[in-house]
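**Q** Quick one: this structure, given as C-alpha cells, is what I'll be asking you about.
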Protein chains: 2
Amino acid sequence: MKRYEQYADEIGELIRTQALRPGDRLPSVRQASTSRGISPSTVFEAYYLLEARGLIQARPRSGYYVNALRAASANEPATAQPAPQSTHVEISELVFQVLGSTRQADVVPLGSAFPSPALFPLEKLARALTPAMRGLDPQRIVEELTEGSERLRRQIGLRYVVEGIAADAGEIVITNGAMEALNLCLQAVTRPGDVVAVESPTFYAALQALERLQLKAVEVATHPRHGIELDSLAQVLERHPVRACWFMPNFQNPLGSLMPEENKRALVDLLARHEVPLIEDDVYAELYFGLRRPPPCKAFDRQGLVMHCSSFSKCLAPGYRVGWTAAGRFAQRVQRLKLMTTLATAVPPQEALADYLQQGGYDRHLRQLRQALADSQARALRGIAKHFPKGTRVTRPEGGYFLWVELPAQVDALQLHRLALSQNISLAPGHLFSADRRFAHCLRLNYGQAGDERFDDALRTIGQLASAQTGA
Amino acid sequence: MKRYEQYADEIGELIRTQALRPGDRLPSVRQASTSRGISPSTVFEAYYLLEARGLIQARPRSGYYVNALRAASANEPATAQPAPQSTHVEISELVFQVLGSTRQADVVPLGSAFPSPALFPLEKLARALTPAMRGLDPQRIVEELTEGSERLRRQIGLRYVVEGIAADAGEIVITNGAMEALNLCLQAVTRPGDVVAVESPTFYAALQALERLQLKAVEVATHPRHGIELDSLAQVLERHPVRACWFMPNFQNPLGSLMPEENKRALVDLLARHEVPLIEDDVYAELYFGLRRPPPCKAFDRQGLVMHCSSFSKCLAPGYRVGWTAAGRFAQRVQRLKLMTTLATAVPPQEALADYLQQGGYDRHLRQLRQALADSQARALRGIAKHFPKGTRVTRPEGGYFLWVELPAQVDALQLHRLALSQNISLAPGHLFSADRRFAHCLRLNYGQAGDERFDDALRTIGQLASAQTGA
C-alpha cells in the first residue's frame, strides 16, 4: 500500500469512528505535511482519494471538509415497510424478460450484475490455466471430487483464518459460483411450502430460488445503510414459521447496505435462539471502500447455523464460475446435494485460481479494484445529482458497485427500463427486487461500468427520461 | 482409419447383419489376402481386432469362427421383472456410503464410474486452455451466457448434423456435465409426487434425482442386450400416470444394453402417443465397438419430446464438467432453470473444448479409446470366465466400459463390496441400481481400468471372495 493510501485510510478511520465529524475541517496540506513528515503531494493525493471515496469535499479557497452525506444523507431512501404476510413468489417471468432484453450487443450495461471486464486480471488468469492443469496428477482430474480442489479449499480456508473466522476446511464445498452454493444451501434446509425470510428489497435470484423450490417469502424491513432491521426480523420470527433466512449483510444487492458489526452479532444470536439457519450471501465483501473487510455473520456463529456463501465471480474471475460455501452443520447435506445435481465443479478454473491465490497477487488486485469502484461511485453520484429529477434519493454504499435510486413516485421504472433500452442503455427496474413489486419507482444502477466512455451520457439520458415522466 | 480397421469393420458389419452367422468359418488368411488384394499381415491384424472385440474366435489349426456368444449368450443374465407398483425412492444414503468408501487412495477402482485417466488426451486439452481464453473477447467472459459458449454449441450442433439428427443449435444448453443436464430436464417436466419411468436396473444417479425431487419411480423391464422391453413400457404407461421417462438407449449403465434402431423408433412413437417426454441419457454413445455411432432416440423424434443429454466427461475430458442437453420443446424451460440454479457453465473448459473440436483430433482420439475399451472388455471377460464361480452370468456390451455381472443367488454383493474393499478393490454392488434393491447378487464392473496392472489380480480376488460366499 502506498504512503498516500495509508494516510487516506487513517483519516477515513477517524471519520468512521466519528473522531472527525461531518463539517469538520481537515488540516491544511501544509499543516499535515509538516506534522506528519510527509510530502505535500502525498497529502494532496490522500485528500483527492478521500474525495473520490465521497468522504470529504473541497470548498474553494477554504480547504477540505468532512462530508455530511456519508453519515445520514438528506437524500437517502427511506426504509421500505414490507407486507406482513408471507407470499408465494412469481417473479421469474419478469426477471427473464428484463434480463433477456438487456443482453443485446452495444448496450451500456447499467442493469448488469457484473462490473466491467476491464477491471479483472483476465490475462493473468488465462496464463495460469495450462500450467495448473499440466501440473495435476491425472487421477485427481478423473476423481472429480464433489467438495472441490483440495488446494483451492486450503487457500480459501487460509483467507477465513486471516479474517478470524472459524471455518473448517472440511466444511467448504466448491460450487459453480455462489449461485449454486446459495441454491444448495436453501434446498438443504427447506422443503416445499416452507417460509423463508428475505430482505426488502432483495436480490431477484433469491426470489427465483424460492419460486423454484416452491417456498414462501416473508420480507424483512431493510435499512438502506444498516441492512436488516432487527426489530422487524424479531417480529417476523414470532409471527411466521421461518425455516431459513437468506440475507446479504455486506453490501446488499440492490441496496448496498452494510450491517454494523454489533447488528451482525445480534442477528446471529437472534437466529440461534430460534434455531433458524442463515444463508449468508457474501459475494461483495471484498469490495469494501473502508479500512478492512467487514466480517460476515459467520464470524460470530458458534452453532454452525450460518451457511456462508461466496465466490470469485464479482472480485476476481467472472466466467470461471468458482464459488463455495462453508455450510457449518449442514456441510455434508450440501455436499450430497451437489453430488446429486452437478456432481463436481470444473477442475481447470479451480486449479488456475488455486495457483493464482498461492502466487499472492490477489490482494494487490483487490486494492486496485476497490479504488476503481470507489472512484466510479463518486462519478456516478455526481452524474445522478446533476441529471436526475428533483426528489431523487440515492444510496451511498461503502462498497460493491450498485446504487439504489429512488425516483419520484410518478416514475414507472419498468417503463423507464423500456425507454432506456430503446436508447441502448440497460437498467434493473425496482420491480425485480420484491415478490409484491413494491419498488416500482426504483432502479438498481451498476456503477462498475463507469469506465465505459458512454457512462456519463447514459446517466444524462436516464435523467432526461425520468424527468419527462415526472412532467418536469 | 487404417486398412486393417476398415477390413475388420466390413466383416463386423457382415456379422451384425447376419450375413455371417455364429459358427461360420471366416476365409483363411491366405484366401482373404488373395481375394481382397491386401497383405496377409493386414488380414491378421483385422482378425486379431475382431477377436479383441469379441466377434470371432480362433480355433487351433482350424481358423477363425464367428463367435456364438455375441448373438444370444448362454451365460447372459435374464431380464429382471420389476415390481408393478411405483415406489418412493430412498437410495441416496446407500449410494453415499458405497461411493464414499471407494474413494480411498490406492484402491483398484472397479466400482468407479469413469475409465482410467490414461485413456484421455489430458495434456492436449491442458495446452488448449490458455490460448482459448486469451483469444476471447473479455466482454464475452463477463456475460456468462446461460446457454453456453456459442462456438462450442456450434461444434456440438455440427456433430448432430453429421449424425443426421435435427437438433437446432438454439435448443442446446451447455451444462455442468450431463448430470446437471439430466437434473434440469427432470425438473423441467415434473412436479413433486409425479411418477417417472426408469430402467431396471437403472443408474443410481437417476434414482437419486427422483429422490431429491420427491418423485416416484416405476421400473420398466430392461433386456440386458436390447434395453427397454417395449411391452413392459406399454403396460406401465397404461397403468401409471407417467410424467416422464429417464432412459439410456445406448450402452445403458449398468447393463450396457443397446436398443436396436427399430425399438428406438417404436419407443419414440409410443411416448408420442402418450405425450410423455423422454429424458435420454446418451453419455456412452461415442464408445461403440461397432461400425458407427448408434443413433439416439432423439434422431427419431418429430414432436420435440426427447430431451437428449450428453457430455464430454466419459469420452474426452473428465473433470472439465462440460455436458449439454438438446431439450426440444423444453429448451427454454431448461435454460431458465439453469439460470436460476448455477447461472452459467465455466467458460475456460468450454472454450478449450471448442478449440480442441475445431482442430479435429476428436475422432482420432475416439477411435483409439474405443479400441482400448474393446480390448479391455475381452480381457475382463476372460478374467471373469476364469476366476468367477460357476453359474456367474455376464453381459457382453457392444460399447461403453461396464459389465453387469450376475453372481450365484447366494452371493450378497454388498458384503462382497465390503470384503473387496478391505483388499483395496472397489465394486458397485447391485443394490445401488434399483429403488427396491432387487439386484443383491449383482455387480457393475468397470473394465475401463483394465490398463491398471492390478486389474487381473483384482478379478481373481473378487472371484475367490464370491466363490467363498457360494460355499464352493
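Residue names in the C-alpha cells use chain letters A, B, ... in the order shown, residue numbers from 1 in each chain, and ligand numbers from 1 in the order shown.
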Please provide as an MDAnalysis selection string all residues within 12 Å of B:Ser426, with the sequence filter that same-chain residues fewer than 4 positions apart are discarded (counting only C-alpha atoms).
**A** chainID B and resid 98:113 413:422 443:446 449 455 458:459 461:462
**Q** Compile the residues of chain B that lie within 7 Å of chain A, evaluated using only C-alpha atoms, and express the compilation as a ChimeraX atom specification.
**A** /B:114,117,123,126-127,129-130,133-134,138-139,141-142,144,176-177,179-180,183,205,208-209,318-321,340-343,345-349
**Q** Might you pull out every residue within 10 Å of B:Lys298, with only C-alpha atoms counted and same-chain residues fewer than 5 positions away left off, and present them as a ChimeraX atom specification?
**A** /B:160,165-167,264-265,268,278-280,282,303-309,326-328
**Q** Please return as a VMD selection string: the residues of stretch 278-393 of chain A that backbone DSSP assigns to strand (DSSP E).
**A** chain A and resid 278 to 281 306 to 311 322 to 326 393
**Q** Could you save those same residues with N, CA and C atoms as a PDB file, in the first residue's frame?
**A**
```pdb
ATOM      1  N   LEU A 278     -29.022 -19.396   8.778  1.00  0.00           N
ATOM      2  CA  LEU A 278     -28.834 -18.203   7.951  1.00  0.00           C
ATOM      3  C   LEU A 278     -28.010 -18.561   6.725  1.00  0.00           C
ATOM      4  N   ILE A 279     -28.596 -18.347   5.562  1.00  0.00           N
ATOM      5  CA  ILE A 279     -27.855 -18.469   4.309  1.00  0.00           C
ATOM      6  C   ILE A 279     -27.280 -17.092   4.021  1.00  0.00           C
ATOM      7  N   GLU A 280     -25.965 -16.966   4.163  1.00  0.00           N
ATOM      8  CA  GLU A 280     -25.320 -15.651   4.089  1.00  0.00           C
ATOM      9  C   GLU A 280     -24.652 -15.469   2.724  1.00  0.00           C
ATOM     10  N   ASP A 281     -25.248 -14.622   1.912  1.00  0.00           N
ATOM     11  CA  ASP A 281     -24.702 -14.317   0.583  1.00  0.00           C
ATOM     12  C   ASP A 281     -23.684 -13.193   0.756  1.00  0.00           C
ATOM     13  N   VAL A 306     -24.809 -20.777  10.440  1.00  0.00           N
ATOM     14  CA  VAL A 306     -24.595 -19.855   9.326  1.00  0.00           C
ATOM     15  C   VAL A 306     -23.932 -20.594   8.169  1.00  0.00           C
ATOM     16  N   MET A 307     -24.558 -20.514   6.996  1.00  0.00           N
ATOM     17  CA  MET A 307     -24.019 -21.132   5.790  1.00  0.00           C
ATOM     18  C   MET A 307     -23.455 -19.993   4.946  1.00  0.00           C
ATOM     19  N   HIS A 308     -22.148 -19.825   5.027  1.00  0.00           N
ATOM     20  CA  HIS A 308     -21.500 -18.684   4.373  1.00  0.00           C
ATOM     21  C   HIS A 308     -21.233 -19.026   2.903  1.00  0.00           C
ATOM     22  N   CYS A 309     -21.756 -18.193   1.996  1.00  0.00           N
ATOM     23  CA  CYS A 309     -21.615 -18.440   0.559  1.00  0.00           C
ATOM     24  C   CYS A 309     -20.880 -17.282  -0.094  1.00  0.00           C
ATOM     25  N   SER A 310     -19.899 -17.590  -0.923  1.00  0.00           N
ATOM     26  CA  SER A 310     -19.212 -16.522  -1.641  1.00  0.00           C
ATOM     27  C   SER A 310     -18.654 -17.074  -2.953  1.00  0.00           C
ATOM     28  N   SER A 311     -17.927 -16.223  -3.667  1.00  0.00           N
ATOM     29  CA  SER A 311     -17.377 -16.652  -4.951  1.00  0.00           C
ATOM     30  C   SER A 311     -16.279 -15.707  -5.390  1.00  0.00           C
ATOM     31  N   VAL A 322     -16.447 -20.111 -10.099  1.00  0.00           N
ATOM     32  CA  VAL A 322     -15.957 -20.779  -8.900  1.00  0.00           C
ATOM     33  C   VAL A 322     -16.477 -20.041  -7.677  1.00  0.00           C
ATOM     34  N   GLY A 323     -17.339 -20.698  -6.953  1.00  0.00           N
ATOM     35  CA  GLY A 323     -17.844 -20.188  -5.693  1.00  0.00           C
ATOM     36  C   GLY A 323     -17.672 -21.257  -4.637  1.00  0.00           C
ATOM     37  N   TRP A 324     -18.192 -20.990  -3.452  1.00  0.00           N
ATOM     38  CA  TRP A 324     -18.096 -22.008  -2.399  1.00  0.00           C
ATOM     39  C   TRP A 324     -19.088 -21.686  -1.291  1.00  0.00           C
ATOM     40  N   THR A 325     -19.274 -22.674  -0.432  1.00  0.00           N
ATOM     41  CA  THR A 325     -19.981 -22.417   0.804  1.00  0.00           C
ATOM     42  C   THR A 325     -19.235 -23.100   1.942  1.00  0.00           C
ATOM     43  N   ALA A 326     -19.199 -22.410   3.086  1.00  0.00           N
ATOM     44  CA  ALA A 326     -18.777 -23.033   4.344  1.00  0.00           C
ATOM     45  C   ALA A 326     -20.080 -23.177   5.118  1.00  0.00           C
ATOM     46  N   ARG A 393     -33.794  10.096  -4.639  1.00  0.00           N
ATOM     47  CA  ARG A 393     -32.979   9.708  -3.492  1.00  0.00           C
ATOM     48  C   ARG A 393     -32.053   8.579  -3.935  1.00  0.00           C
TER      49      ARG A 393
END
```
**Q** Show me, as a compact mmCIF listing (two decimals) with all heavy atoms, in the first residue's frame, the residues that have an atom within 7 Å of A:Ala46 when counting only C-alpha atoms, minus same-chain residues fewer than 6 positions from it.
**A**
```
# COMPACT_ATOMS: atom_id res chain seq x y z
N TYR A 4 0.32 7.52 0.48
CA TYR A 4 -0.88 8.37 0.47
C TYR A 4 -2.14 7.55 0.75
O TYR A 4 -3.08 8.02 1.37
CB TYR A 4 -1.01 9.14 -0.86
CG TYR A 4 -1.50 8.32 -2.04
CD1 TYR A 4 -2.85 8.25 -2.34
CD2 TYR A 4 -0.62 7.62 -2.86
CE1 TYR A 4 -3.31 7.50 -3.41
CE2 TYR A 4 -1.06 6.87 -3.92
CZ TYR A 4 -2.41 6.82 -4.21
OH TYR A 4 -2.86 6.08 -5.26
N GLU A 5 -2.10 6.27 0.32
CA GLU A 5 -3.25 5.41 0.62
C GLU A 5 -3.35 5.15 2.12
O GLU A 5 -4.44 5.18 2.71
CB GLU A 5 -3.12 4.09 -0.13
CG GLU A 5 -3.29 4.22 -1.64
CD GLU A 5 -3.01 2.93 -2.38
OE1 GLU A 5 -2.08 2.19 -1.99
OE2 GLU A 5 -3.71 2.66 -3.38
N TYR A 7 -2.27 7.09 4.49
CA TYR A 7 -2.71 8.33 5.17
C TYR A 7 -4.21 8.52 4.96
O TYR A 7 -4.95 8.85 5.89
CB TYR A 7 -1.91 9.52 4.65
CG TYR A 7 -2.21 10.81 5.38
CD1 TYR A 7 -2.21 10.85 6.77
CD2 TYR A 7 -2.52 11.98 4.67
CE1 TYR A 7 -2.50 12.03 7.44
CE2 TYR A 7 -2.80 13.16 5.33
CZ TYR A 7 -2.80 13.18 6.73
OH TYR A 7 -3.11 14.34 7.38
N ALA A 8 -4.69 8.26 3.74
CA ALA A 8 -6.12 8.39 3.46
C ALA A 8 -6.92 7.42 4.32
O ALA A 8 -7.96 7.77 4.89
CB ALA A 8 -6.39 8.13 1.97
```
**Q** If you run DSSP on the backbone here, which positions in stretch 85-254 of chain B get alpha helix (DSSP H)? Please write them as a PyMOL selection string.
**A** chain B and resi 92-101+122-134+138-143+150-162+177-189+204-212+230-239
**Q** Can you work out the spacing between atom CA of A:His88 and atom CA of A:Val195 in Å, to one decimal?
**A**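 Going from atom CA of A:His88 over to atom CA of A:Val195 covers 9.3 Å.
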**Q** Looking at only C-alpha atoms, which of A:Phe312, A:Tyr47, A:Trp404, A:Phe203 is the one that sits closest to A:Cys442?
**A**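 Counting only C-alpha atoms, the residue closest to A:Cys442 is A:Trp404.
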**Q** What separation in Å, quoted to one decimal, exists between atom CA of B:Pro397 and atom CA of B:Ser257?
**A** 6.2 Å
**Q** To one decimal place, how far is atom CA of A:Arg454 from atom CA of A:Pro389 in Å?
**A**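 Going from atom CA of A:Arg454 over to atom CA of A:Pro389, I get 20.2 Å.
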**Q** Within 7 Å of B:Pro408, counting only C-alpha atoms, which residues qualify if same-chain residues fewer than 5 places away don't, as a list in words?
**A**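 After dropping sequence-adjacent residues, the list is Gly391, Thr392 and His441 of chain B.
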**Q** Rank B:Val66, B:Leu119, B:Val220, B:Leu291 by their smallest atom-to-atom distance to B:Asp9, using only C-alpha atoms, and report the top residue only.
**A**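 Counting only C-alpha atoms, the residue closest to B:Asp9 is B:Leu291.
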**Q** Any idea what's packed within 12 Å of B:Arg367, counting only C-alpha atoms, ignoring anything in its chain fewer than 5 positions away? Could you give it as a count of residues only?
**A** 20
**Q** Give me, as a list in words, all polymer residues having an atom no more than 12 Å from A:Ile38, counting only C-alpha atoms and skipping those fewer than 5 positions away in the same chain.
**A** Arg3, Tyr4, Gln6, Tyr7, Val29, Arg30, Gln31, Ala32, Ser33, Val43, Phe44, Glu45 and Ala46 of chain A
